[in-house]
>>> print(open('model.cif').read())   # mmCIF, C-alpha atoms
data_start
#
loop_
_atom_site.group_PDB
_atom_site.id
_atom_site.type_symbol
_atom_site.label_atom_id
_atom_site.label_comp_id
_atom_site.auth_asym_id
_atom_site.auth_seq_id
_atom_site.Cartn_x
_atom_site.Cartn_y
_atom_site.Cartn_z
ATOM 1 C CA MET A 840 -2.056 -6.336 -11.460
ATOM 2 C CA SER A 841 -4.777 -7.843 -9.378
ATOM 3 C CA GLY A 842 -7.700 -8.911 -11.455
ATOM 4 C CA THR A 843 -8.263 -7.814 -14.970
ATOM 5 C CA ASP A 844 -9.715 -4.828 -16.716
ATOM 6 C CA THR A 845 -12.738 -6.646 -17.994
ATOM 7 C CA HIS A 846 -15.160 -4.453 -16.074
ATOM 8 C CA ASP A 847 -16.788 -1.462 -17.515
ATOM 9 C CA ASP A 848 -15.213 1.706 -16.114
ATOM 10 C CA ALA A 849 -18.302 3.682 -17.094
ATOM 11 C CA VAL A 850 -20.582 1.560 -14.890
ATOM 12 C CA ILE A 851 -18.410 1.805 -11.826
ATOM 13 C CA SER A 852 -17.728 5.520 -12.280
ATOM 14 C CA ARG A 853 -21.468 6.117 -12.422
ATOM 15 C CA GLN A 854 -21.980 4.092 -9.243
ATOM 16 C CA VAL A 855 -19.201 5.938 -7.436
ATOM 17 C CA ARG A 856 -20.699 9.296 -8.405
ATOM 18 C CA ARG A 857 -24.089 8.117 -7.184
ATOM 19 C CA LEU A 858 -22.545 7.090 -3.875
ATOM 20 C CA GLU A 859 -20.860 10.484 -3.521
ATOM 21 C CA SER A 860 -24.193 12.260 -4.097
ATOM 22 C CA LEU A 861 -25.977 10.051 -1.575
ATOM 23 C CA LEU A 862 -23.312 10.628 1.073
ATOM 24 C CA GLU A 863 -23.406 14.358 0.455
ATOM 25 C CA GLU A 864 -27.212 14.457 0.687
ATOM 26 C CA LYS A 865 -27.025 12.630 3.996
ATOM 27 C CA GLY A 866 -24.385 15.058 5.222
ATOM 28 C CA ILE A 867 -21.847 12.275 5.803
ATOM 29 C CA VAL A 868 -19.151 13.288 3.319
ATOM 30 C CA GLY A 869 -19.133 16.900 2.127
ATOM 31 C CA GLY A 870 -18.847 17.825 -1.529
ATOM 32 C CA ASP A 871 -15.239 19.032 -1.415
ATOM 33 C CA THR A 872 -13.964 16.408 0.999
ATOM 34 C CA VAL A 873 -13.172 13.815 -1.648
ATOM 35 C CA ASP A 874 -11.046 16.217 -3.690
ATOM 36 C CA GLU A 875 -9.292 17.453 -0.564
ATOM 37 C CA VAL A 876 -8.425 13.930 0.523
ATOM 38 C CA ILE A 877 -7.032 13.059 -2.924
ATOM 39 C CA ASP A 878 -4.956 16.253 -3.120
ATOM 40 C CA GLY A 879 -3.696 15.837 0.444
ATOM 41 C CA PHE A 880 -2.714 12.238 -0.177
ATOM 42 C CA LEU A 881 -0.891 12.981 -3.418
ATOM 43 C CA ALA A 882 0.953 15.915 -1.829
ATOM 44 C CA GLY A 883 1.964 14.111 1.371
ATOM 45 C CA ALA A 884 2.908 10.598 0.308
ATOM 46 C CA SER A 885 6.196 10.235 -1.530
ATOM 47 C CA PRO A 886 9.337 8.087 -1.600
ATOM 48 C CA VAL A 887 11.202 11.378 -1.180
ATOM 49 C CA ASN A 888 10.157 11.134 2.488
ATOM 50 C CA GLY A 889 11.609 7.646 2.919
ATOM 51 C CA ALA A 890 14.740 8.825 1.107
ATOM 52 C CA LYS A 891 15.195 11.669 3.618
ATOM 53 C CA VAL A 892 14.880 9.228 6.511
ATOM 54 C CA THR A 893 17.437 6.927 4.860
ATOM 55 C CA ALA A 894 19.966 9.674 4.197
ATOM 56 C CA ARG A 895 19.663 10.884 7.783
ATOM 57 C CA ALA A 896 20.296 7.349 9.055
ATOM 58 C CA TRP A 897 23.363 7.039 6.810
ATOM 59 C CA THR A 898 24.881 10.270 8.062
ATOM 60 C CA ASP A 899 23.842 10.278 11.727
ATOM 61 C CA PRO A 900 24.668 7.044 13.597
ATOM 62 C CA ALA A 901 22.604 8.019 16.644
ATOM 63 C CA TYR A 902 19.583 8.641 14.420
ATOM 64 C CA ARG A 903 20.150 5.279 12.718
ATOM 65 C CA GLU A 904 20.042 3.558 16.101
ATOM 66 C CA ARG A 905 16.842 5.344 17.073
ATOM 67 C CA LEU A 906 15.309 4.504 13.693
ATOM 68 C CA LEU A 907 16.038 0.801 14.054
ATOM 69 C CA ALA A 908 14.875 0.763 17.673
ATOM 70 C CA ASP A 909 11.604 2.631 17.120
ATOM 71 C CA GLY A 910 10.809 3.533 13.530
ATOM 72 C CA THR A 911 7.544 5.266 14.366
ATOM 73 C CA ALA A 912 9.204 7.709 16.769
ATOM 74 C CA ALA A 913 12.260 8.296 14.588
ATOM 75 C CA VAL A 914 10.356 9.186 11.419
ATOM 76 C CA GLY A 915 8.181 11.380 13.628
ATOM 77 C CA GLU A 916 11.325 13.371 14.472
ATOM 78 C CA LEU A 917 11.511 14.321 10.795
ATOM 79 C CA GLY A 918 7.839 15.220 10.728
ATOM 80 C CA PHE A 919 6.474 12.053 9.141
ATOM 81 C CA SER A 920 3.669 9.962 10.510
ATOM 82 C CA SER A 921 3.832 6.260 9.756
ATOM 83 C CA GLY A 922 0.156 5.576 10.150
ATOM 84 C CA GLY A 923 -2.867 6.252 8.031
ATOM 85 C CA VAL A 924 -6.260 6.935 9.515
ATOM 86 C CA GLN A 925 -5.580 4.427 12.284
ATOM 87 C CA LYS A 926 -2.309 4.119 14.200
ATOM 88 C CA GLN A 927 0.250 1.762 12.777
ATOM 89 C CA ARG A 928 3.704 0.898 14.002
ATOM 90 C CA LEU A 929 6.643 1.336 11.655
ATOM 91 C CA ARG A 930 9.535 -1.068 11.876
ATOM 92 C CA VAL A 931 12.649 -0.257 9.846
ATOM 93 C CA VAL A 932 14.766 -3.247 8.807
ATOM 94 C CA GLU A 933 18.370 -2.684 7.816
ATOM 95 C CA ASN A 934 20.198 -4.278 4.912
ATOM 96 C CA THR A 935 23.741 -5.284 5.777
ATOM 97 C CA ALA A 936 26.573 -7.159 4.071
ATOM 98 C CA GLY A 937 25.006 -10.426 5.259
ATOM 99 C CA THR A 938 21.249 -9.713 5.174
ATOM 100 C CA HIS A 939 18.858 -8.353 2.613
ATOM 101 C CA ASN A 940 15.272 -7.461 3.519
ATOM 102 C CA ILE A 941 12.126 -7.349 1.415
ATOM 103 C CA ILE A 942 8.660 -6.196 2.414
ATOM 104 C CA VAL A 943 5.295 -7.542 1.337
ATOM 105 C CA CYS A 944 1.717 -7.670 2.531
ATOM 106 C CA THR A 945 0.557 -11.172 1.650
ATOM 107 C CA LEU A 946 -2.991 -10.506 2.853
ATOM 108 C CA CYS A 947 -3.646 -7.226 1.073
ATOM 109 C CA SER A 948 -1.494 -4.183 0.446
ATOM 110 C CA CYS A 949 -0.314 -2.690 3.761
ATOM 111 C CA TYR A 950 2.540 -0.314 3.069
ATOM 112 C CA PRO A 951 4.001 2.856 4.612
ATOM 113 C CA LEU A 952 2.364 5.196 2.098
ATOM 114 C CA ARG A 953 3.608 8.425 3.624
ATOM 115 C CA LEU A 954 7.243 7.326 3.347
ATOM 116 C CA LEU A 955 7.099 5.346 0.102
ATOM 117 C CA GLY A 956 4.391 7.104 -1.883
ATOM 118 C CA PRO A 957 1.559 5.282 -3.645
ATOM 119 C CA SER A 958 2.409 1.597 -3.935
ATOM 120 C CA PRO A 959 3.245 0.181 -7.356
ATOM 121 C CA GLY A 960 0.714 -2.123 -8.992
ATOM 122 C CA TRP A 961 2.936 -5.176 -8.603
ATOM 123 C CA TYR A 962 3.124 -4.731 -4.825
ATOM 124 C CA LYS A 963 -0.642 -5.259 -4.667
ATOM 125 C CA SER A 964 -0.681 -8.147 -7.135
ATOM 126 C CA GLU A 965 -1.345 -11.759 -6.175
ATOM 127 C CA ALA A 966 1.704 -12.725 -8.245
ATOM 128 C CA TYR A 967 4.098 -10.785 -5.949
ATOM 129 C CA ARG A 968 2.256 -11.444 -2.693
ATOM 130 C CA SER A 969 2.054 -15.193 -3.215
ATOM 131 C CA ARG A 970 5.573 -15.767 -4.456
ATOM 132 C CA VAL A 971 7.939 -13.448 -2.598
ATOM 133 C CA VAL A 972 7.510 -15.408 0.649
ATOM 134 C CA ARG A 973 8.249 -18.681 -1.134
ATOM 135 C CA ASP A 974 10.895 -17.715 -3.653
ATOM 136 C CA PRO A 975 12.428 -14.346 -2.733
ATOM 137 C CA ARG A 976 15.575 -14.950 -4.787
ATOM 138 C CA GLY A 977 13.502 -15.696 -7.846
ATOM 139 C CA VAL A 978 11.457 -12.559 -7.312
ATOM 140 C CA LEU A 979 14.612 -10.487 -6.897
ATOM 141 C CA ALA A 980 15.895 -11.952 -10.156
ATOM 142 C CA ASP A 981 12.701 -10.754 -11.864
ATOM 143 C CA PHE A 982 13.655 -7.265 -10.682
ATOM 144 C CA GLY A 983 17.181 -7.730 -12.032
ATOM 145 C CA VAL A 984 18.768 -8.213 -8.598
ATOM 146 C CA THR A 985 21.141 -11.098 -7.931
ATOM 147 C CA LEU A 986 22.611 -11.474 -4.460
ATOM 148 C CA PRO A 987 25.385 -13.866 -3.438
ATOM 149 C CA GLU A 988 24.120 -17.121 -1.886
ATOM 150 C CA SER A 989 25.909 -16.091 1.306
ATOM 151 C CA VAL A 990 23.469 -13.202 1.783
ATOM 152 C CA ASP A 991 20.434 -14.163 3.851
ATOM 153 C CA ILE A 992 17.116 -12.845 2.635
ATOM 154 C CA THR A 993 14.428 -11.934 5.144
ATOM 155 C CA VAL A 994 10.885 -11.257 3.979
ATOM 156 C CA TRP A 995 8.711 -9.091 6.248
ATOM 157 C CA ASP A 996 4.979 -9.613 5.968
ATOM 158 C CA SER A 997 3.055 -6.473 6.926
ATOM 159 C CA SER A 998 -0.014 -6.603 9.117
ATOM 160 C CA ALA A 999 -2.833 -4.324 10.124
ATOM 161 C CA GLU A 1000 -0.709 -3.038 12.998
ATOM 162 C CA THR A 1001 2.835 -3.049 11.639
ATOM 163 C CA ARG A 1002 4.321 -1.586 8.480
ATOM 164 C CA TYR A 1003 7.911 -2.068 7.364
ATOM 165 C CA MET A 1004 10.476 -0.032 5.495
ATOM 166 C CA VAL A 1005 13.849 -1.283 4.326
ATOM 167 C CA LEU A 1006 16.915 0.781 5.210
ATOM 168 C CA PRO A 1007 19.093 0.164 2.149
ATOM 169 C CA ARG A 1008 22.874 -0.118 2.304
ATOM 170 C CA ARG A 1009 24.707 3.073 1.534
ATOM 171 C CA PRO A 1010 26.374 2.732 -1.860
ATOM 172 C CA ALA A 1011 30.172 2.591 -1.882
ATOM 173 C CA GLY A 1012 32.089 5.686 -2.897
ATOM 174 C CA THR A 1013 29.551 8.146 -1.501
ATOM 175 C CA ASP A 1014 31.609 9.459 1.417
ATOM 176 C CA ASP A 1015 31.810 12.940 -0.051
ATOM 177 C CA LEU A 1016 28.102 13.347 -0.734
ATOM 178 C CA SER A 1017 25.870 15.616 1.312
ATOM 179 C CA GLU A 1018 22.786 14.294 3.079
ATOM 180 C CA GLU A 1019 20.637 15.788 0.342
ATOM 181 C CA GLU A 1020 22.709 14.200 -2.420
ATOM 182 C CA LEU A 1021 22.537 10.868 -0.625
ATOM 183 C CA ALA A 1022 18.752 11.109 -0.432
ATOM 184 C CA GLY A 1023 18.767 11.501 -4.210
ATOM 185 C CA LEU A 1024 20.251 8.011 -4.560
ATOM 186 C CA VAL A 1025 17.387 6.301 -2.732
ATOM 187 C CA THR A 1026 14.634 4.712 -4.807
ATOM 188 C CA ARG A 1027 11.201 3.446 -3.867
ATOM 189 C CA ASN A 1028 12.126 -0.121 -4.805
ATOM 190 C CA GLY A 1029 15.237 0.244 -2.651
ATOM 191 C CA LEU A 1030 12.951 0.996 0.300
ATOM 192 C CA ILE A 1031 10.770 -2.043 -0.516
ATOM 193 C CA GLY A 1032 13.804 -4.272 -1.021
ATOM 194 C CA THR A 1033 13.306 -5.144 -4.683
ATOM 195 C CA ALA A 1034 16.347 -3.072 -5.642
ATOM 196 C CA VAL A 1035 19.812 -2.538 -4.261
ATOM 197 C CA LEU A 1036 21.284 0.937 -4.527
ATOM 198 C CA MET B 1368 -10.849 -21.497 6.825
ATOM 199 C CA ALA B 1369 -8.361 -19.491 4.808
ATOM 200 C CA ARG B 1370 -9.810 -16.600 2.891
ATOM 201 C CA ILE B 1371 -9.081 -15.976 -0.757
ATOM 202 C CA ASN B 1372 -6.867 -12.958 0.044
ATOM 203 C CA ASP B 1373 -4.468 -15.189 2.017
ATOM 204 C CA VAL B 1374 -2.243 -15.935 -0.970
ATOM 205 C CA GLY B 1375 1.183 -16.101 0.699
ATOM 206 C CA GLY B 1376 3.032 -19.182 -0.580
ATOM 207 C CA MET B 1377 0.448 -20.106 -3.182
ATOM 208 C CA THR B 1378 1.408 -20.914 -6.752
ATOM 209 C CA GLY B 1379 -0.321 -20.214 -10.027
ATOM 210 C CA PHE B 1380 -0.637 -16.449 -10.090
ATOM 211 C CA GLY B 1381 1.715 -16.082 -13.010
ATOM 212 C CA VAL B 1382 4.651 -13.768 -13.520
ATOM 213 C CA ILE B 1383 5.101 -10.500 -11.690
ATOM 214 C CA ASP B 1384 4.673 -7.475 -13.902
ATOM 215 C CA THR B 1385 7.599 -5.456 -12.556
ATOM 216 C CA THR B 1386 6.742 -2.384 -14.593
ATOM 217 C CA ASP B 1387 7.451 0.674 -12.513
ATOM 218 C CA ASP B 1388 3.894 1.778 -12.302
ATOM 219 C CA ALA B 1389 4.100 5.094 -10.483
ATOM 220 C CA GLU B 1390 0.588 6.202 -11.348
ATOM 221 C CA PRO B 1391 -1.420 5.760 -8.135
ATOM 222 C CA PHE B 1392 -4.804 5.789 -9.844
ATOM 223 C CA HIS B 1393 -5.714 4.603 -13.309
ATOM 224 C CA ALA B 1394 -9.081 6.311 -13.482
ATOM 225 C CA ASP B 1395 -10.728 9.176 -11.676
ATOM 226 C CA TRP B 1396 -13.174 6.816 -9.955
ATOM 227 C CA GLU B 1397 -10.300 4.928 -8.351
ATOM 228 C CA ALA B 1398 -9.053 8.122 -6.704
ATOM 229 C CA ARG B 1399 -12.598 8.899 -5.552
ATOM 230 C CA VAL B 1400 -13.049 5.423 -4.069
ATOM 231 C CA PHE B 1401 -9.740 5.802 -2.259
ATOM 232 C CA ALA B 1402 -10.818 9.173 -0.839
ATOM 233 C CA LEU B 1403 -14.303 7.982 0.115
ATOM 234 C CA GLN B 1404 -12.786 5.120 2.084
ATOM 235 C CA ARG B 1405 -10.597 7.550 4.057
ATOM 236 C CA ALA B 1406 -13.456 9.984 4.602
ATOM 237 C CA LEU B 1407 -15.760 7.216 5.868
ATOM 238 C CA LEU B 1408 -13.047 5.936 8.212
ATOM 239 C CA VAL B 1409 -12.538 9.434 9.598
ATOM 240 C CA LYS B 1410 -16.307 9.763 10.091
ATOM 241 C CA LYS B 1411 -16.211 6.387 11.854
ATOM 242 C CA ILE B 1412 -18.932 4.989 9.609
ATOM 243 C CA PHE B 1413 -16.784 1.862 9.608
ATOM 244 C CA ASN B 1414 -13.316 1.035 10.863
ATOM 245 C CA LEU B 1415 -10.332 -0.362 9.002
ATOM 246 C CA ASP B 1416 -10.802 -3.889 10.315
ATOM 247 C CA GLU B 1417 -14.410 -3.973 9.117
ATOM 248 C CA PHE B 1418 -13.282 -2.629 5.772
ATOM 249 C CA ARG B 1419 -10.553 -5.222 5.413
ATOM 250 C CA ASP B 1420 -12.988 -7.968 6.430
ATOM 251 C CA ALA B 1421 -15.438 -6.813 3.769
ATOM 252 C CA VAL B 1422 -12.733 -7.131 1.098
ATOM 253 C CA GLU B 1423 -11.538 -10.495 2.376
ATOM 254 C CA THR B 1424 -14.978 -12.068 2.538
ATOM 255 C CA MET B 1425 -15.734 -11.364 -1.094
ATOM 256 C CA PRO B 1426 -16.680 -14.546 -2.931
ATOM 257 C CA PRO B 1427 -13.341 -15.906 -4.231
ATOM 258 C CA GLN B 1428 -14.290 -15.728 -7.887
ATOM 259 C CA GLU B 1429 -15.399 -12.113 -7.572
ATOM 260 C CA TYR B 1430 -12.287 -11.232 -5.560
ATOM 261 C CA LEU B 1431 -9.974 -12.686 -8.196
ATOM 262 C CA ALA B 1432 -11.833 -11.072 -11.075
ATOM 263 C CA ALA B 1433 -11.925 -7.621 -9.466
ATOM 264 C CA SER B 1434 -9.258 -4.965 -9.772
ATOM 265 C CA TYR B 1435 -7.769 -3.505 -6.613
ATOM 266 C CA TYR B 1436 -10.123 -0.528 -6.293
ATOM 267 C CA GLU B 1437 -13.112 -2.546 -7.477
ATOM 268 C CA ARG B 1438 -12.524 -4.592 -4.324
ATOM 269 C CA TRP B 1439 -12.465 -1.406 -2.282
ATOM 270 C CA PHE B 1440 -15.689 -0.183 -3.822
ATOM 271 C CA HIS B 1441 -17.334 -3.536 -3.217
ATOM 272 C CA ALA B 1442 -16.318 -3.354 0.459
ATOM 273 C CA ILE B 1443 -17.557 0.219 0.911
ATOM 274 C CA ARG B 1444 -20.877 -0.576 -0.692
ATOM 275 C CA THR B 1445 -21.302 -3.792 1.312
ATOM 276 C CA LEU B 1446 -20.627 -2.036 4.620
ATOM 277 C CA LEU B 1447 -22.853 0.954 3.876
ATOM 278 C CA GLU B 1448 -25.708 -1.328 2.867
ATOM 279 C CA ARG B 1449 -25.202 -3.567 5.886
ATOM 280 C CA LYS B 1450 -25.242 -0.563 8.214
ATOM 281 C CA GLY B 1451 -28.302 0.885 6.534
ATOM 282 C CA VAL B 1452 -26.498 4.055 5.423
ATOM 283 C CA ILE B 1453 -27.666 3.393 1.880
ATOM 284 C CA GLY B 1454 -30.418 1.111 0.668
ATOM 285 C CA GLU B 1455 -29.671 -2.225 -0.970
ATOM 286 C CA GLY B 1456 -29.137 -1.663 -4.668
ATOM 287 C CA ALA B 1457 -29.216 2.129 -4.230
ATOM 288 C CA LEU B 1458 -26.165 2.485 -6.470
ATOM 289 C CA ASP B 1459 -27.381 0.252 -9.274
ATOM 290 C CA ASP B 1460 -28.731 1.514 -12.537
ATOM 291 C CA ASP B 1461 -32.506 1.728 -12.697
#
>>> encode(input="model.cif", output="structure tokens")
Amino acid sequence: MSGTDTHDDAVISRQVRRLESLLEEKGIVGGDTVDEVIDGFLAGASPVNGAKVTARAWTDPAYRERLLADGTAAVGELGFSSGGVQKQRLRVVENTAGTHNIIVCTLCSCYPLRLLGPSPGWYKSEAYRSRVVRDPRGVLADFGVTLPESVDITVWDSSAETRYMVLPRRPAGTDDLSEEELAGLVTRNGLIGTAVL
Amino acid sequence: MARINDVGGMTGFGVIDTTDDAEPFHADWEARVFALQRALLVKKIFNLDEFRDAVETMPPQEYLAASYYERWFHAIRTLLERKGVIGEGALDDD
């Protein structure tokens, strides 16, 4: 995790409540808005969304091509926005037999929330952000993933304007599965690139 | 000059805790800070670049000592004070 838990939660919770009251008094943020935003975020952001996109790409070659050409538009076809409050471009990077992709945001924590759900603590940590660009194989090993030396690893560093999602390789022996069953095989870490399916 | 958030390639941050931490918020105030940031962006009180800048220009020692949402709260407070939306120290205990 970034930082430590040495701060007093009680102090900061009191300050946050005070800020909420001030903003409500000034008519800037209404009383129910905060709860609505939290509920809306928790309901709308999930790796289930990224899994649906992945399963569609595995089963529909034309969709896969559109997804790799213009991720923003292609996830939009399935009803997902890739941006937050401000517009962001989504680029989907595909794992193949010869290339494995991993995403990071070295500067902060940019991440396609809607498609991947809330980001895990480690994604936001200095430990991951600093090291994955320098030693991706070592980081993968920490996650229990070992790839042959012949596989190239590409690390994608997110920016204010561009978010990335990994399109994992479809596991072998899944030819008989339905699109829905395939989506069930996709994990959040698979979409970040710290797992192989 | 590089800012403290620009950690790509640096060493010394220790091992990655790979625990699958699916809980988005670890305290109610974290969720409220998250939501306040979105609400203030929507209201155009500040934009995302200003917000990011306010996190990144934290004094390095404070940045490193703060948890993720403590950084967010710091940035929100800094921007609201700077823009005169709230008075300096308005959130502090009496």
>>> resolve_selection(input="model.cif", expression="the PyMOL selection byres ((chain B) within 9 of (chain A))", output="PyMOL selection string")
chain B and resi 1371-1392+1394-1403+1405-1410+1412+1414-1416+1419+1423+1430-1435+1437+1440+1444+1452-1453+1457-1460
>>> resolve_selection(input="model.cif", expression="the PyMOL selection byres ((chain A and resi 913) around 12)", output="NGL selection string")
:A and (889 or 891-893 or 895-896 or 901-912 or 914-921 or 928-931)
>>> residues_around(input="model.cif", residues="B:Gln1404", least_positions_apart="6", cutoff="9 Å", atoms="only C-alpha atoms", output="VMD selection string")
chain B and resid 1418 1439 to 1440 1443
>>> write_last_selection(input="model.cif", atoms="C-alpha atoms", output="PDB file, keeping the file's coordinate frame")
ATOM      1  CA  PHE B1418     -13.282  -2.629   5.772  1.00  0.00           C
ATOM      2  CA  TRP B1439     -12.465  -1.406  -2.282  1.00  0.00           C
ATOM      3  CA  PHE B1440     -15.689  -0.183  -3.822  1.00  0.00           C
ATOM      4  CA  ILE B1443     -17.557   0.219   0.911  1.00  0.00           C
TER       5      ILE B1443
END
>>> axis_aligned_box(input="model.cif", around="stretch 1393-1397 of chain B", padding_each_side="3 Å", output="AutoDock Vina command-line options")
--center_x -9.4 --center_y 6.9 --center_z -10.9 --size_x 13.5 --size_y 10.6 --size_z 11.1
>>> resolve_selection(input="model.cif", expression="the PyMOL selection byres ((chain A and resi 1007-1014) around 10)", output="JSON, numbers by chain")
{"A": [890, 893, 894, 896, 897, 898, 932, 933, 934, 935, 936, 939, 940, 1004, 1005, 1006, 1015, 1016, 1017, 1020, 1021, 1024, 1025, 1026, 1028, 1029, 1030, 1031, 1032, 1034, 1035, 1036]}
>>> write_last_selection(input="model.cif", atoms="C-alpha atoms", output="tab-separated table (two decimals), keeping the file's coordinate frame")
chain	number	residue	atom	x	y	z
A	890	ALA	CA	14.74	8.82	1.11
A	893	THR	CA	17.44	6.93	4.86
A	894	ALA	CA	19.97	9.67	4.20
A	896	ALA	CA	20.30	7.35	9.06
A	897	TRP	CA	23.36	7.04	6.81
A	898	THR	CA	24.88	10.27	8.06
A	932	VAL	CA	14.77	-3.25	8.81
A	933	GLU	CA	18.37	-2.68	7.82
A	934	ASN	CA	20.20	-4.28	4.91
A	935	THR	CA	23.74	-5.28	5.78
A	936	ALA	CA	26.57	-7.16	4.07
A	939	HIS	CA	18.86	-8.35	2.61
A	940	ASN	CA	15.27	-7.46	3.52
A	1004	MET	CA	10.48	-0.03	5.50
A	1005	VAL	CA	13.85	-1.28	4.33
A	1006	LEU	CA	16.92	0.78	5.21
A	1015	ASP	CA	31.81	12.94	-0.05
A	1016	LEU	CA	28.10	13.35	-0.73
A	1017	SER	CA	25.87	15.62	1.31
A	1020	GLU	CA	22.71	14.20	-2.42
A	1021	LEU	CA	22.54	10.87	-0.62
A	1024	LEU	CA	20.25	8.01	-4.56
A	1025	VAL	CA	17.39	6.30	-2.73
A	1026	THR	CA	14.63	4.71	-4.81
A	1028	ASN	CA	12.13	-0.12	-4.80
A	1029	GLY	CA	15.24	0.24	-2.65
A	1030	LEU	CA	12.95	1.00	0.30
A	1031	ILE	CA	10.77	-2.04	-0.52
A	1032	GLY	CA	13.80	-4.27	-1.02
A	1034	ALA	CA	16.35	-3.07	-5.64
A	1035	VAL	CA	19.81	-2.54	-4.26
A	1036	LEU	CA	21.28	0.94	-4.53
>>> atom_distance(input="model.cif", atom1="atom CA of A:Pro886", atom2="atom CA of A:Thr985")
23.4 Å
>>> atom_distance(input="model.cif", atom1="atom CA of A:Glu863", atom2="atom CA of B:Glu1417")
22.2 Å
>>> residues_around(input="model.cif", residues="A:Cys949", least_positions_apart="5", cutoff="7 Å", atoms="all atoms listed in the file", output="PDB file with C-alpha atoms, in the coordinates of the input")
ATOM      1  CA  CYS A 944       1.717  -7.670   2.531  1.00  0.00           C
ATOM      2  CA  SER A 997       3.055  -6.473   6.926  1.00  0.00           C
ATOM      3  CA  SER A 998      -0.014  -6.603   9.117  1.00  0.00           C
ATOM      4  CA  ARG A1002       4.321  -1.586   8.480  1.00  0.00           C
TER       5      ARG A1002
END
>>> atom_distance(input="model.cif", atom1="atom CA of A:Pro975", atom2="atom CA of A:Thr938")
12.7 Å
>>> closest_residue(input="model.cif", among="B:His1441, B:His1393, B:Lys1411, B:Arg1449", to="B:Glu1429", atoms="only C-alpha atoms")
B:His1441
